[in-house]
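K.L.:
For reference, the file structure-v9.txt (compact mmCIF, N, CA and C atoms and all ligand atoms) is included below:
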```txt
# COMPACT_ATOMS: atom_id res chain seq x y z
N MET A 1 5.05 -15.99 -6.56
CA MET A 1 4.37 -14.76 -6.15
C MET A 1 4.20 -14.74 -4.62
N PHE A 2 4.41 -13.59 -4.03
CA PHE A 2 4.29 -13.51 -2.58
C PHE A 2 2.85 -13.19 -2.18
N HIS A 3 2.57 -13.43 -0.92
CA HIS A 3 1.27 -13.07 -0.37
C HIS A 3 1.50 -11.95 0.64
N LEU A 4 0.84 -10.83 0.43
CA LEU A 4 1.00 -9.67 1.30
C LEU A 4 0.16 -9.85 2.56
N ARG A 5 0.83 -9.74 3.70
CA ARG A 5 0.12 -9.84 4.98
C ARG A 5 -0.02 -8.46 5.58
N ILE A 6 -1.20 -8.13 6.02
CA ILE A 6 -1.49 -6.80 6.56
C ILE A 6 -1.90 -6.91 8.02
N ASN A 7 -1.24 -6.13 8.86
CA ASN A 7 -1.60 -6.10 10.27
C ASN A 7 -1.84 -4.63 10.66
N SER A 8 -3.08 -4.23 10.58
CA SER A 8 -3.44 -2.83 10.83
C SER A 8 -3.10 -2.40 12.26
N ASP A 9 -3.08 -3.35 13.17
CA ASP A 9 -2.80 -3.00 14.57
C ASP A 9 -1.40 -2.42 14.75
N LYS A 10 -0.47 -2.80 13.86
CA LYS A 10 0.90 -2.30 13.97
C LYS A 10 1.11 -1.00 13.21
N CYS A 11 0.18 -0.63 12.39
CA CYS A 11 0.34 0.53 11.52
C CYS A 11 0.35 1.84 12.31
N THR A 12 1.33 2.69 12.00
CA THR A 12 1.45 4.00 12.68
C THR A 12 0.76 5.10 11.87
N GLY A 13 0.37 4.79 10.64
CA GLY A 13 -0.25 5.80 9.79
C GLY A 13 0.75 6.70 9.09
N CYS A 14 2.00 6.27 9.00
CA CYS A 14 3.04 7.13 8.41
C CYS A 14 2.85 7.34 6.90
N ARG A 15 2.20 6.42 6.26
CA ARG A 15 1.85 6.47 4.82
C ARG A 15 3.05 6.28 3.89
N ALA A 16 4.16 5.83 4.42
CA ALA A 16 5.32 5.56 3.58
C ALA A 16 4.99 4.52 2.51
N CYS A 17 4.14 3.57 2.85
CA CYS A 17 3.78 2.52 1.89
C CYS A 17 3.05 3.10 0.68
N GLU A 18 2.21 4.10 0.90
CA GLU A 18 1.49 4.71 -0.22
C GLU A 18 2.47 5.39 -1.18
N PHE A 19 3.44 6.09 -0.61
CA PHE A 19 4.43 6.76 -1.45
C PHE A 19 5.28 5.74 -2.21
N ALA A 20 5.69 4.69 -1.49
CA ALA A 20 6.52 3.65 -2.11
C ALA A 20 5.76 2.96 -3.24
N CYS A 21 4.49 2.73 -3.02
CA CYS A 21 3.68 2.04 -4.03
C CYS A 21 3.52 2.89 -5.29
N SER A 22 3.26 4.16 -5.11
CA SER A 22 3.11 5.03 -6.29
C SER A 22 4.44 5.12 -7.03
N TYR A 23 5.54 5.07 -6.27
CA TYR A 23 6.85 5.10 -6.94
C TYR A 23 7.05 3.83 -7.76
N HIS A 24 6.62 2.71 -7.22
CA HIS A 24 6.71 1.45 -7.99
C HIS A 24 5.94 1.56 -9.31
N HIS A 25 4.75 2.07 -9.22
CA HIS A 25 3.90 2.11 -10.42
C HIS A 25 4.33 3.16 -11.45
N ARG A 26 4.64 4.35 -10.98
CA ARG A 26 4.82 5.48 -11.90
C ARG A 26 6.11 6.25 -11.72
N LYS A 27 6.94 5.81 -10.77
CA LYS A 27 8.19 6.52 -10.47
C LYS A 27 7.95 7.96 -10.05
N ILE A 28 6.81 8.16 -9.39
CA ILE A 28 6.52 9.46 -8.79
C ILE A 28 5.93 9.19 -7.40
N PHE A 29 5.95 10.22 -6.55
CA PHE A 29 5.38 10.07 -5.21
C PHE A 29 4.00 10.72 -5.21
N ASN A 30 2.99 9.92 -5.35
CA ASN A 30 1.61 10.40 -5.36
C ASN A 30 0.71 9.33 -4.73
N PRO A 31 0.45 9.45 -3.44
CA PRO A 31 -0.33 8.44 -2.73
C PRO A 31 -1.69 8.15 -3.36
N LYS A 32 -2.22 9.10 -4.10
CA LYS A 32 -3.55 8.88 -4.70
C LYS A 32 -3.53 7.75 -5.73
N LEU A 33 -2.34 7.47 -6.27
CA LEU A 33 -2.23 6.42 -7.27
C LEU A 33 -2.02 5.04 -6.64
N ALA A 34 -1.67 5.02 -5.38
CA ALA A 34 -1.19 3.79 -4.74
C ALA A 34 -2.26 2.71 -4.65
N SER A 35 -1.79 1.48 -4.61
CA SER A 35 -2.69 0.33 -4.47
C SER A 35 -3.08 0.12 -3.01
N LEU A 36 -2.46 0.89 -2.15
CA LEU A 36 -2.80 0.84 -0.72
C LEU A 36 -3.40 2.17 -0.31
N HIS A 37 -4.31 2.12 0.63
CA HIS A 37 -4.83 3.36 1.19
C HIS A 37 -4.89 3.21 2.70
N ILE A 38 -4.28 4.17 3.38
CA ILE A 38 -4.29 4.18 4.84
C ILE A 38 -5.44 5.08 5.28
N ARG A 39 -6.37 4.48 5.97
CA ARG A 39 -7.56 5.24 6.39
C ARG A 39 -7.61 5.32 7.91
N ARG A 40 -7.75 6.53 8.40
CA ARG A 40 -7.84 6.72 9.85
C ARG A 40 -9.24 7.22 10.19
N ALA A 41 -9.92 6.48 11.04
CA ALA A 41 -11.26 6.88 11.46
C ALA A 41 -11.14 8.17 12.27
N GLU A 42 -11.88 9.19 11.88
CA GLU A 42 -11.69 10.52 12.48
C GLU A 42 -11.90 10.53 13.99
N ARG A 43 -12.99 9.90 14.42
CA ARG A 43 -13.32 9.99 15.84
C ARG A 43 -12.49 9.03 16.68
N GLU A 44 -12.46 7.77 16.26
CA GLU A 44 -11.77 6.76 17.07
C GLU A 44 -10.26 6.76 16.85
N GLY A 45 -9.81 7.29 15.69
CA GLY A 45 -8.38 7.28 15.39
C GLY A 45 -7.88 5.93 14.94
N GLU A 46 -8.80 5.00 14.76
CA GLU A 46 -8.39 3.65 14.34
C GLU A 46 -7.93 3.65 12.89
N ILE A 47 -6.85 2.93 12.62
CA ILE A 47 -6.28 2.91 11.27
C ILE A 47 -6.64 1.61 10.57
N SER A 48 -7.05 1.72 9.34
CA SER A 48 -7.26 0.51 8.53
C SER A 48 -6.45 0.65 7.24
N ILE A 49 -5.97 -0.47 6.75
CA ILE A 49 -5.15 -0.51 5.54
C ILE A 49 -5.97 -1.21 4.46
N ILE A 50 -6.23 -0.49 3.40
CA ILE A 50 -7.03 -1.07 2.31
C ILE A 50 -6.11 -1.39 1.15
N LEU A 51 -6.19 -2.59 0.65
CA LEU A 51 -5.37 -3.02 -0.49
C LEU A 51 -6.30 -3.19 -1.69
N TYR A 52 -5.97 -2.49 -2.77
CA TYR A 52 -6.78 -2.57 -3.99
C TYR A 52 -6.15 -3.56 -4.95
N LYS A 53 -6.87 -4.62 -5.22
CA LYS A 53 -6.34 -5.64 -6.14
C LYS A 53 -7.16 -5.70 -7.42
N ASP A 54 -8.44 -5.71 -7.29
CA ASP A 54 -9.33 -5.80 -8.45
C ASP A 54 -10.06 -4.47 -8.62
N LEU A 55 -9.72 -3.76 -9.67
CA LEU A 55 -10.37 -2.48 -9.92
C LEU A 55 -11.04 -2.50 -11.29
N THR A 56 -12.10 -1.73 -11.42
CA THR A 56 -12.74 -1.58 -12.72
C THR A 56 -11.87 -0.67 -13.58
N GLU A 57 -12.14 -0.65 -14.87
CA GLU A 57 -11.36 0.23 -15.76
C GLU A 57 -11.51 1.69 -15.34
N ALA A 58 -12.70 2.07 -14.92
CA ALA A 58 -12.92 3.45 -14.48
C ALA A 58 -12.11 3.75 -13.22
N GLU A 59 -12.07 2.79 -12.31
CA GLU A 59 -11.31 2.99 -11.07
C GLU A 59 -9.81 3.07 -11.35
N LYS A 60 -9.36 2.32 -12.36
CA LYS A 60 -7.93 2.31 -12.70
C LYS A 60 -7.45 3.66 -13.22
N ARG A 61 -8.38 4.51 -13.63
CA ARG A 61 -7.97 5.84 -14.08
C ARG A 61 -7.58 6.71 -12.88
N GLN A 62 -8.01 6.29 -11.68
CA GLN A 62 -7.71 7.07 -10.49
C GLN A 62 -6.63 6.43 -9.62
N ARG A 63 -6.64 5.10 -9.59
CA ARG A 63 -5.76 4.39 -8.67
C ARG A 63 -5.29 3.13 -9.37
N LEU A 64 -4.13 2.62 -9.01
CA LEU A 64 -3.59 1.46 -9.71
C LEU A 64 -3.67 0.21 -8.83
N PRO A 65 -4.06 -0.92 -9.39
CA PRO A 65 -4.18 -2.13 -8.58
C PRO A 65 -2.82 -2.73 -8.25
N CYS A 66 -2.76 -3.45 -7.16
CA CYS A 66 -1.52 -4.11 -6.76
C CYS A 66 -1.14 -5.16 -7.80
N ASP A 67 0.09 -5.06 -8.29
CA ASP A 67 0.60 -6.05 -9.24
C ASP A 67 1.69 -6.90 -8.57
N HIS A 68 1.66 -6.90 -7.25
CA HIS A 68 2.63 -7.67 -6.45
C HIS A 68 4.06 -7.17 -6.70
N CYS A 69 4.16 -5.89 -7.02
CA CYS A 69 5.47 -5.28 -7.26
C CYS A 69 6.26 -6.03 -8.33
N ALA A 70 5.61 -6.28 -9.42
CA ALA A 70 6.27 -6.96 -10.53
C ALA A 70 7.53 -6.22 -10.93
N GLY A 71 8.63 -6.96 -11.07
CA GLY A 71 9.90 -6.38 -11.49
C GLY A 71 10.76 -5.88 -10.34
N GLU A 72 10.21 -5.83 -9.15
CA GLU A 72 10.99 -5.37 -7.99
C GLU A 72 11.56 -6.60 -7.27
N PRO A 73 12.72 -6.45 -6.67
CA PRO A 73 13.28 -7.58 -5.91
C PRO A 73 12.47 -7.92 -4.67
N GLU A 74 11.76 -6.93 -4.15
CA GLU A 74 10.87 -7.16 -3.00
C GLU A 74 9.77 -6.10 -3.04
N PRO A 75 8.63 -6.37 -2.43
CA PRO A 75 7.55 -5.38 -2.45
C PRO A 75 7.99 -4.09 -1.75
N LEU A 76 7.84 -2.98 -2.42
CA LEU A 76 8.32 -1.72 -1.86
C LEU A 76 7.53 -1.29 -0.62
N CYS A 77 6.26 -1.62 -0.57
CA CYS A 77 5.47 -1.24 0.61
C CYS A 77 6.00 -1.97 1.84
N VAL A 78 6.39 -3.21 1.65
CA VAL A 78 6.94 -4.00 2.76
C VAL A 78 8.32 -3.44 3.14
N LYS A 79 9.11 -3.15 2.14
CA LYS A 79 10.48 -2.66 2.38
C LYS A 79 10.48 -1.38 3.22
N TYR A 80 9.52 -0.48 2.96
CA TYR A 80 9.54 0.82 3.63
C TYR A 80 8.58 0.91 4.81
N CYS A 81 7.97 -0.19 5.17
CA CYS A 81 7.11 -0.19 6.36
C CYS A 81 7.97 -0.55 7.57
N VAL A 82 8.41 0.47 8.30
CA VAL A 82 9.31 0.22 9.43
C VAL A 82 8.57 -0.38 10.63
N ALA A 83 7.24 -0.31 10.59
CA ALA A 83 6.47 -0.83 11.73
C ALA A 83 6.13 -2.31 11.56
N ALA A 84 6.52 -2.89 10.43
CA ALA A 84 6.23 -4.29 10.13
C ALA A 84 4.72 -4.58 10.11
N ALA A 85 3.97 -3.57 9.73
CA ALA A 85 2.53 -3.78 9.54
C ALA A 85 2.27 -4.52 8.23
N LEU A 86 3.23 -4.43 7.32
CA LEU A 86 3.15 -5.13 6.04
C LEU A 86 4.30 -6.12 5.96
N THR A 87 3.99 -7.35 5.70
CA THR A 87 5.01 -8.39 5.59
C THR A 87 4.59 -9.32 4.45
N VAL A 88 5.50 -10.20 4.06
CA VAL A 88 5.15 -11.18 3.04
C VAL A 88 5.17 -12.57 3.63
N ALA A 89 4.29 -13.40 3.10
CA ALA A 89 4.24 -14.80 3.55
C ALA A 89 5.05 -15.64 2.58
S1 LIG A 101 4.30 2.11 5.91
FE1 LIG A 101 3.52 0.62 7.41
S2 LIG A 101 3.21 1.84 9.29
FE2 LIG A 101 3.39 3.29 7.58
S3 LIG A 101 1.26 3.63 6.91
FE3 LIG A 101 2.07 1.97 5.64
S4 LIG A 101 1.44 0.10 6.72
FE4 LIG A 101 1.26 1.78 8.17
S1 LIG A 102 3.15 -4.99 -3.34
FE1 LIG A 102 3.85 -3.26 -4.60
S2 LIG A 102 2.10 -2.82 -5.92
FE2 LIG A 102 1.34 -4.08 -4.25
S3 LIG A 102 0.64 -2.63 -2.70
FE3 LIG A 102 2.76 -3.13 -2.19
S4 LIG A 102 4.00 -1.53 -3.20
FE4 LIG A 102 1.95 -1.51 -4.12
```
Turn this file's structure into structure tokens for me.
P.N.:
Amino acid sequence: MFHLRINSDKCTGCRACEFACSYHHRKIFNPKLASLHIRRAEREGEISIILYKDLTEAEKRQRLPCDHCAGEPEPLCVKYCVAAALTVA
């Protein structure tokens, strides 16, 4: 199993990872389902990357937890992050 490394300082806020993640889970593009959430602070513009791993059953009805891209040859969020804000260890 890989370990996902997150470097928010490199993130451009493009949100490609959210789309890629929802595609992994459900084969649709819906960032609301993604295990990642890109949050931009309104005033400062600072970006933070939130990774959801442990969710309650109620939370899972809204968003899906990271399963380390089970069944994929590589994590899709890493594959489509051109800024290298997401990497694997
Ligand atoms: S794909 Fe990479 S650069 Fe784009 S929002 Fe996700 S972490 Fe940030
Ligand atoms: S590793 Fe896969 S399931 Fe986990 S956040 Fe990245 S795309 Fe989503």
K.L.:
Select from chain A everything DSSP, run on the backbone, classes as strand (DSSP E), then give the selection as a PyMOL selection string.
P.N.:
chain A and resi 4-6+36-40+47-51+86-88
K.L.:
Kindly provide, as a ChimeraX atom specification, all nucleotide and amino acid residues lying within 6.5 Å of ligand LIG 102 (chain A), counting only N, CA and C atoms and all ligand atoms.
P.N.:
/A:17,20-22,24-25,34-36,51,65-70,75-78
K.L.:
Ligand LIG 101 (chain A): which residues are within 7 Å, counting only C-alpha atoms and all ligand atoms, as a PyMOL selection string?
P.N.:
chain A and resi 10-18+38+49+77+80-86
K.L.:
Set the distance at 8 Å and use only N, CA and C atoms: which residues neighbour Phe2 in chain A once local chain neighbours fewer than 4 positions away are removed? I'd like the list as a list in words.
P.N.:
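Here the answer would be His68, Thr87, Val88 and Ala89 of chain A.
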K.L.:
If I take atom C of Lys53 in chain A and atom C of Glu72 in chain A, how far is one from the other in Å, to one decimal?
P.N.:
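Between atom C of Lys53 in chain A and atom C of Glu72 in chain A the gap works out to 18.7 Å.
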K.L.:
CA of Pro31 in chain A and atom N of Ser48 in chain A are how many Å apart?
P.N.:
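One can read the CA of Pro31 in chain A to atom N of Ser48 in chain A distance as 15.4 Å.
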K.L.:
Restricting the calculation to only N, CA and C atoms: of A:Asp9, A:Arg40, A:Ile50, A:Leu33, which residue gets closest to Leu64 in chain A?
P.N.:
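Nearest to Leu64 in chain A: A:Leu33.
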K.L.:
Quick one: pull the distance between atom N of Ile47 in chain A and CA of Asn7 in chain A, Å, one decimal.
P.N.:
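Computing it gives 10.7 Å between the two atoms.
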K.L.:
Enumerate the residues of chain A with a DSSP assignment of helix (DSSP H, G or I), computed from the backbone, and present them as a list of chain:residue names.
P.N.:
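Matching residues for helix (DSSP H, G or I) in chain A are A:Ser8, A:Asp9, A:Lys10, A:Ala16, A:Cys17, A:Glu18, A:Phe19, A:Ala20, A:Cys21, A:Ser22, A:Tyr23, A:His24, A:His25, A:Arg26, A:Pro31, A:Lys32, A:Leu33, A:Glu57, A:Ala58, A:Glu59, A:Lys60, A:Leu76, A:Cys77, A:Val78, A:Lys79.
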